[in-house]
Amino acid sequence: MAFQTLQQEYLQMPVLTRSYTTACVITTLAVQLEVVTPFQLYFNPDLIFRQLQIWRVLTNFLFFGTIGFNFFFNMIFTYRYCRMLEEGSFRGRTADFFMMFLFGGVLMLCVATFVNIVFLGSAFTIMLVYVWSRRNPYVRMNFFGLMNFQAPYLPWVLLGFSLLLGNSIIVDFIGIGVGHSYYFLEDVFPEQRGGMRLLKTPGFLKRLLDDQPEDPNYNPLPEERPGGFDWGNNQ
């Protein structure tokens, strides 16, 4: 029964959320089981261009470290905010959501080339959190029962949390910067006088990803529980 419930929940996840989180878990398990090593996954422009190790463009977004607190913390946030975006503001617009993935990934890789960041999964998670938080500005959040704040402050709270844990906050700044770039180009600039939507999704992606009938048993994740567990309950 528990397995059937878990399977049903997994199959009800929207396609990009399911694909990305599954790839992250499989990659981490492969490292944990020593099928591959992090040295085969990290972002290295020299190896990509000179030795054509193209997979590194993707795999550096899929590894959050060995299984432990940091892995589970990142995966919980990745799953919840990716799913809430895909079921919320991107509902019925899977191709546009994929374009957000593509825009964020390419911009992060460009930045990483100059700041020597080798794994960008955490930055990608922060980007998802940032975009969700700006599109849900009135949601009240609670972080570990310690503080209450509006959703737009969540990325900065996570940055402070990273600082307390002794982690590099450069990754958080990259995620926030890329998330803001997407938010500005997609939500702010088109509403300005003379503005326009610059990030246009190609038609073939819309035909490939958007023309899918909705599952009648589809059960969206409620947005009023934005963070999961104690740090995301409504107040």
# chains A, B, ... in the order shown; residues from 1 in each chain; ligands from 1

$ select_by_dssp --residues "range 142-219 of chain A" --states "strand (DSSP E or B)" --output "count of residues only"
6

$ select_by_dssp --residues "range 1-218 of chain A" --states "alpha helix (DSSP H)" --output "number ranges by chain"
A: 2-12, 15-32, 45-50, 56-59, 69-87, 94-115, 121-135, 154-164, 170-183, 203-209

$ closest_residue --among "A:Met99, A:Met13, A:Leu33, A:Ile126" --to "Ile170 in chain A" --atoms "only C-alpha atoms"
A:Ile126

$ closest_residue --among "A:Asn167, A:Thr59, A:Ser181, A:Thr125" --to "Phe43 in chain A" --atoms "only C-alpha atoms"
A:Thr59

$ closest_residue --among "A:Phe144, A:Phe90, A:Phe124, A:Phe73" --to "Val171 in chain A" --atoms "only C-alpha atoms"
A:Phe124

$ closest_residue --among "A:Gln40, A:Thr27, A:Val57, A:Phe189" --to "Leu102 in chain A" --atoms "only C-alpha atoms"
A:Val57

$ residues_around --residues "Val178 in chain A" --least-positions-apart "6" --cutoff "9 Å" --atoms "only C-alpha atoms" --output "list in words"
Phe103, Gly104, Gly105, Leu107, Met108, Ala123, Phe124 and Met127 of chain A

$ write_last_selection --atoms "all heavy atoms" --output "PDB file, in the first residue's frame"
ATOM      1  N   PHE A 103      17.359  29.050 -19.893  1.00  0.00           N
ATOM      2  CA  PHE A 103      17.905  30.385 -19.665  1.00  0.00           C
ATOM      3  C   PHE A 103      18.763  30.403 -18.403  1.00  0.00           C
ATOM      4  O   PHE A 103      19.907  30.883 -18.413  1.00  0.00           O
ATOM      5  CB  PHE A 103      16.767  31.405 -19.531  1.00  0.00           C
ATOM      6  CG  PHE A 103      17.212  32.765 -19.080  1.00  0.00           C
ATOM      7  CD1 PHE A 103      17.710  33.684 -19.983  1.00  0.00           C
ATOM      8  CD2 PHE A 103      17.119  33.131 -17.735  1.00  0.00           C
ATOM      9  CE1 PHE A 103      18.126  34.945 -19.571  1.00  0.00           C
ATOM     10  CE2 PHE A 103      17.532  34.384 -17.315  1.00  0.00           C
ATOM     11  CZ  PHE A 103      18.036  35.296 -18.228  1.00  0.00           C
ATOM     12  N   GLY A 104      18.216  29.866 -17.307  1.00  0.00           N
ATOM     13  CA  GLY A 104      18.950  29.864 -16.045  1.00  0.00           C
ATOM     14  C   GLY A 104      20.226  29.045 -16.130  1.00  0.00           C
ATOM     15  O   GLY A 104      21.286  29.460 -15.646  1.00  0.00           O
ATOM     16  N   GLY A 105      20.138  27.866 -16.752  1.00  0.00           N
ATOM     17  CA  GLY A 105      21.310  26.999 -16.856  1.00  0.00           C
ATOM     18  C   GLY A 105      22.426  27.626 -17.663  1.00  0.00           C
ATOM     19  O   GLY A 105      23.592  27.612 -17.252  1.00  0.00           O
ATOM     20  N   LEU A 107      22.941  30.850 -18.356  1.00  0.00           N
ATOM     21  CA  LEU A 107      23.494  32.028 -17.682  1.00  0.00           C
ATOM     22  C   LEU A 107      24.397  31.631 -16.526  1.00  0.00           C
ATOM     23  O   LEU A 107      25.467  32.219 -16.313  1.00  0.00           O
ATOM     24  CB  LEU A 107      22.351  32.928 -17.198  1.00  0.00           C
ATOM     25  CG  LEU A 107      22.734  34.328 -16.708  1.00  0.00           C
ATOM     26  CD1 LEU A 107      23.543  35.062 -17.767  1.00  0.00           C
ATOM     27  CD2 LEU A 107      21.487  35.124 -16.349  1.00  0.00           C
ATOM     28  N   MET A 108      24.004  30.605 -15.770  1.00  0.00           N
ATOM     29  CA  MET A 108      24.832  30.133 -14.661  1.00  0.00           C
ATOM     30  C   MET A 108      26.162  29.566 -15.157  1.00  0.00           C
ATOM     31  O   MET A 108      27.217  29.785 -14.542  1.00  0.00           O
ATOM     32  CB  MET A 108      24.087  29.070 -13.854  1.00  0.00           C
ATOM     33  CG  MET A 108      22.982  29.615 -12.992  1.00  0.00           C
ATOM     34  SD  MET A 108      22.145  28.300 -12.080  1.00  0.00           S
ATOM     35  CE  MET A 108      20.710  29.195 -11.485  1.00  0.00           C
ATOM     36  N   ALA A 123      22.678  26.583  -6.804  1.00  0.00           N
ATOM     37  CA  ALA A 123      22.333  27.861  -7.422  1.00  0.00           C
ATOM     38  C   ALA A 123      21.036  27.740  -8.210  1.00  0.00           C
ATOM     39  O   ALA A 123      20.199  28.648  -8.206  1.00  0.00           O
ATOM     40  CB  ALA A 123      23.471  28.327  -8.331  1.00  0.00           C
ATOM     41  N   PHE A 124      20.840  26.610  -8.883  1.00  0.00           N
ATOM     42  CA  PHE A 124      19.616  26.382  -9.645  1.00  0.00           C
ATOM     43  C   PHE A 124      18.409  26.328  -8.717  1.00  0.00           C
ATOM     44  O   PHE A 124      17.344  26.879  -9.023  1.00  0.00           O
ATOM     45  CB  PHE A 124      19.740  25.086 -10.437  1.00  0.00           C
ATOM     46  CG  PHE A 124      18.723  24.930 -11.520  1.00  0.00           C
ATOM     47  CD1 PHE A 124      18.910  25.530 -12.762  1.00  0.00           C
ATOM     48  CD2 PHE A 124      17.564  24.204 -11.310  1.00  0.00           C
ATOM     49  CE1 PHE A 124      17.966  25.391 -13.767  1.00  0.00           C
ATOM     50  CE2 PHE A 124      16.624  24.056 -12.302  1.00  0.00           C
ATOM     51  CZ  PHE A 124      16.819  24.655 -13.540  1.00  0.00           C
ATOM     52  N   MET A 127      17.520  29.785  -7.665  1.00  0.00           N
ATOM     53  CA  MET A 127      16.821  30.466  -8.759  1.00  0.00           C
ATOM     54  C   MET A 127      15.337  30.130  -8.745  1.00  0.00           C
ATOM     55  O   MET A 127      14.475  31.013  -8.876  1.00  0.00           O
ATOM     56  CB  MET A 127      17.427  30.070 -10.104  1.00  0.00           C
ATOM     57  CG  MET A 127      16.736  30.709 -11.305  1.00  0.00           C
ATOM     58  SD  MET A 127      17.180  29.976 -12.898  1.00  0.00           S
ATOM     59  CE  MET A 127      16.285  28.410 -12.810  1.00  0.00           C
TER      60      MET A 127
END

$ atom_distance --atom1 "CA of Pro190 in chain A" --atom2 "CA of Leu209 in chain A"
24.0 Å
